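Take a look at the structure below.
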Amino acid sequence: MNLRILLVDDHKMMRDGLRAILRSNADVEVVGEADDGRSAVDMVKRLRPDIVVMDVGIPHMNGIEATRQIKSLYPDTRVVALSTHSDKRYVMNMIKAGASGYVLKEAASDDLFHAVRTVSLGNHYLSPQITGVVLDRCRTRSAGETSAYSLLGTREREVLQLLAEGKTSKAIASQLHLSTRTVETHRRNIMQKLDLHSVAALTKYAIREGLTSLD
């Protein structure tokens with residue numbers, strides 16, 4: 001039985017390369033491709049893939065948020081994170097969101113199929129370069145540690161990412177099917193919760209927390 005894979009990356013050239021890696025194995029079928037997190041969630045609903053290969057730094061809805069939503073809707077769908085970032089916040093936030101694997105893009109040609117095969121069997125896979133990051137994080141974790149995922153609600157995180165990507169309140173309202181007034185309310189609440197009072201400060205915070213990479 002073929003493993004059904006959904007590829008999620010905002011660069012077509014990268015998706016082409018990933019597809020070539022996966023298609024070299026006869027028991028893998030790439031059933032769809034998405035270039036942002038919101039489309040990825042919609043395609044999972046429609047295609048029901050076994051595994052989602054998820055870029056972390058995608059626009060409109062980042063890979064962490066998309067993974068949270070996918071795992072909430074379809075707990076049996078496995079997610080393998082794919083990223084240029086080995087930073088501990090990206091890694092730990094993806095794992096907390098429910099990803100079963102984390103592969104660095106620079107190692108995808110060597111690691112991706114092994115990761116897909118490993119998580120399909122119910123196990124976890126980390127690129128060797130990531131293992132130390134996770135171990136260090138576990139050793140130094142603070143009980144009082146906070147992040148965007150504990151301080152902000154789902155809609156607030158979505159609004160924050162779009163603000164950091166340079167969207168106006170009107171554009172965000174249109175994209176999220178909200179009123180501009182509601183977006184402005186979310187924006188005020190975000191600033192109050194984070195004690196950050198400029199778009200520049202919010203953007204730096206969003207990048208640091210892995211909500212957007214602005215690649």
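Each chain of the structure tokens is named A, B, ... in the order shown, its residues numbered from 1; ligands are numbered from 1 in display order.
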Skip His11 in chain A itself and residues of its chain fewer than 5 positions away, then list as a VMD selection string all residues within 10 Å of it, counting only C-alpha atoms. chain A and resid 16 34 to 36 55 58
Among range 43-199 of chain A, which ones does DSSP place in helix (DSSP H, G or I), written as a ChimeraX atom specification? /A:43-47,63-73,88-97,105-120,128-140,148-151,154-164,169-176,180-194,199
Write down as a PyMOL selection string the residues of chain A whose backbone DSSP state falls under strand (DSSP E or B). chain A and resi 3-8+28-34+51-55+78-83+101-104+125-126
Which residues, written as a PyMOL selection string, have at least one atom at most 7 Å from range 164-177 of chain A, with only C-alpha atoms counted and residues fewer than 2 positions away on the same chain left out? chain A and resi 159-162+179-180+183-184+202-203+206+214
Near-Gly37 in chain A list (7 Å; only C-alpha atoms; drop same-chain fewer than 2 positions) as a list in words: Ser39, Ala40, Val41, Ile58, Pro59, His60, Met61, Asn62, Gly63 and Ala66 of chain A
Show which residues sit within 10 Å of Val79 in chain A, as a ChimeraX atom specification. Count only C-alpha atoms, and ignore same-chain residues fewer than 4 positions away. /A:5-6,50-54,63,67-68,70-71,75,94-95,97-102,116,119-120
Output N, CA and C atoms for every residue in the selection just made, as a PDB file, in the first residue's frame.
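Result file selection_39.pdb:
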ATOM      1  N   ILE A   5       1.390  11.223   0.335  1.00  0.00           N
ATOM      2  CA  ILE A   5       2.127  12.369   0.879  1.00  0.00           C
ATOM      3  C   ILE A   5       1.579  13.684   0.324  1.00  0.00           C
ATOM      4  N   LEU A   6       1.428  14.665   1.211  1.00  0.00           N
ATOM      5  CA  LEU A   6       1.134  16.041   0.801  1.00  0.00           C
ATOM      6  C   LEU A   6       2.381  16.880   1.045  1.00  0.00           C
ATOM      7  N   ASP A  50      -1.554  10.411   4.266  1.00  0.00           N
ATOM      8  CA  ASP A  50      -0.989   9.727   5.433  1.00  0.00           C
ATOM      9  C   ASP A  50       0.022  10.612   6.149  1.00  0.00           C
ATOM     10  N   ILE A  51       0.803  11.344   5.343  1.00  0.00           N
ATOM     11  CA  ILE A  51       1.883  12.163   5.886  1.00  0.00           C
ATOM     12  C   ILE A  51       1.908  13.509   5.185  1.00  0.00           C
ATOM     13  N   VAL A  52       2.140  14.561   5.961  1.00  0.00           N
ATOM     14  CA  VAL A  52       2.326  15.905   5.413  1.00  0.00           C
ATOM     15  C   VAL A  52       3.776  16.307   5.646  1.00  0.00           C
ATOM     16  N   VAL A  53       4.475  16.624   4.570  1.00  0.00           N
ATOM     17  CA  VAL A  53       5.822  17.187   4.682  1.00  0.00           C
ATOM     18  C   VAL A  53       5.643  18.699   4.700  1.00  0.00           C
ATOM     19  N   MET A  54       5.882  19.309   5.854  1.00  0.00           N
ATOM     20  CA  MET A  54       5.465  20.679   6.134  1.00  0.00           C
ATOM     21  C   MET A  54       6.642  21.635   6.323  1.00  0.00           C
ATOM     22  N   GLY A  63       3.852  26.989   9.298  1.00  0.00           N
ATOM     23  CA  GLY A  63       3.786  25.543   9.408  1.00  0.00           C
ATOM     24  C   GLY A  63       3.456  25.040  10.799  1.00  0.00           C
ATOM     25  N   THR A  67       0.222  22.812  11.392  1.00  0.00           N
ATOM     26  CA  THR A  67       0.378  21.493  12.012  1.00  0.00           C
ATOM     27  C   THR A  67      -0.565  21.330  13.189  1.00  0.00           C
ATOM     28  N   ARG A  68      -0.697  22.349  14.017  1.00  0.00           N
ATOM     29  CA  ARG A  68      -1.629  22.291  15.143  1.00  0.00           C
ATOM     30  C   ARG A  68      -3.049  22.006  14.662  1.00  0.00           C
ATOM     31  N   ILE A  70      -4.037  20.706  11.735  1.00  0.00           N
ATOM     32  CA  ILE A  70      -4.126  19.386  11.098  1.00  0.00           C
ATOM     33  C   ILE A  70      -4.206  18.285  12.152  1.00  0.00           C
ATOM     34  N   LYS A  71      -3.348  18.350  13.162  1.00  0.00           N
ATOM     35  CA  LYS A  71      -3.336  17.321  14.194  1.00  0.00           C
ATOM     36  C   LYS A  71      -4.600  17.364  15.044  1.00  0.00           C
ATOM     37  N   PRO A  75      -5.823  13.455  13.986  1.00  0.00           N
ATOM     38  CA  PRO A  75      -4.695  13.055  14.835  1.00  0.00           C
ATOM     39  C   PRO A  75      -3.814  11.967  14.230  1.00  0.00           C
ATOM     40  N   MET A  94       7.403  23.109  16.677  1.00  0.00           N
ATOM     41  CA  MET A  94       6.853  22.121  15.755  1.00  0.00           C
ATOM     42  C   MET A  94       6.562  20.801  16.466  1.00  0.00           C
ATOM     43  N   ILE A  95       7.441  20.392  17.345  1.00  0.00           N
ATOM     44  CA  ILE A  95       7.223  19.148  18.085  1.00  0.00           C
ATOM     45  C   ILE A  95       5.994  19.289  18.992  1.00  0.00           C
ATOM     46  N   ALA A  97       3.521  21.181  18.471  1.00  0.00           N
ATOM     47  CA  ALA A  97       2.334  21.256  17.616  1.00  0.00           C
ATOM     48  C   ALA A  97       1.892  19.879  17.144  1.00  0.00           C
ATOM     49  N   GLY A  98       2.783  18.887  17.255  1.00  0.00           N
ATOM     50  CA  GLY A  98       2.396  17.531  16.892  1.00  0.00           C
ATOM     51  C   GLY A  98       3.209  16.885  15.791  1.00  0.00           C
ATOM     52  N   ALA A  99       4.256  17.565  15.316  1.00  0.00           N
ATOM     53  CA  ALA A  99       5.090  16.973  14.270  1.00  0.00           C
ATOM     54  C   ALA A  99       5.799  15.728  14.800  1.00  0.00           C
ATOM     55  N   SER A 100       5.867  14.704  13.962  1.00  0.00           N
ATOM     56  CA  SER A 100       6.543  13.461  14.331  1.00  0.00           C
ATOM     57  C   SER A 100       7.994  13.444  13.863  1.00  0.00           C
ATOM     58  N   GLY A 101       8.346  14.380  13.002  1.00  0.00           N
ATOM     59  CA  GLY A 101       9.710  14.432  12.494  1.00  0.00           C
ATOM     60  C   GLY A 101      10.119  15.850  12.175  1.00  0.00           C
ATOM     61  N   TYR A 102      11.422  16.088  12.123  1.00  0.00           N
ATOM     62  CA  TYR A 102      11.951  17.408  11.788  1.00  0.00           C
ATOM     63  C   TYR A 102      13.214  17.193  10.962  1.00  0.00           C
ATOM     64  N   VAL A 116      10.130  10.008   6.474  1.00  0.00           N
ATOM     65  CA  VAL A 116       8.773   9.610   6.077  1.00  0.00           C
ATOM     66  C   VAL A 116       8.505   8.154   6.450  1.00  0.00           C
ATOM     67  N   VAL A 119       8.260   7.796  10.443  1.00  0.00           N
ATOM     68  CA  VAL A 119       7.032   8.284  11.082  1.00  0.00           C
ATOM     69  C   VAL A 119       5.815   7.480  10.632  1.00  0.00           C
ATOM     70  N   SER A 120       5.870   6.896   9.433  1.00  0.00           N
ATOM     71  CA  SER A 120       4.754   6.066   8.966  1.00  0.00           C
ATOM     72  C   SER A 120       4.572   4.829   9.840  1.00  0.00           C
TER      73      SER A 120
END
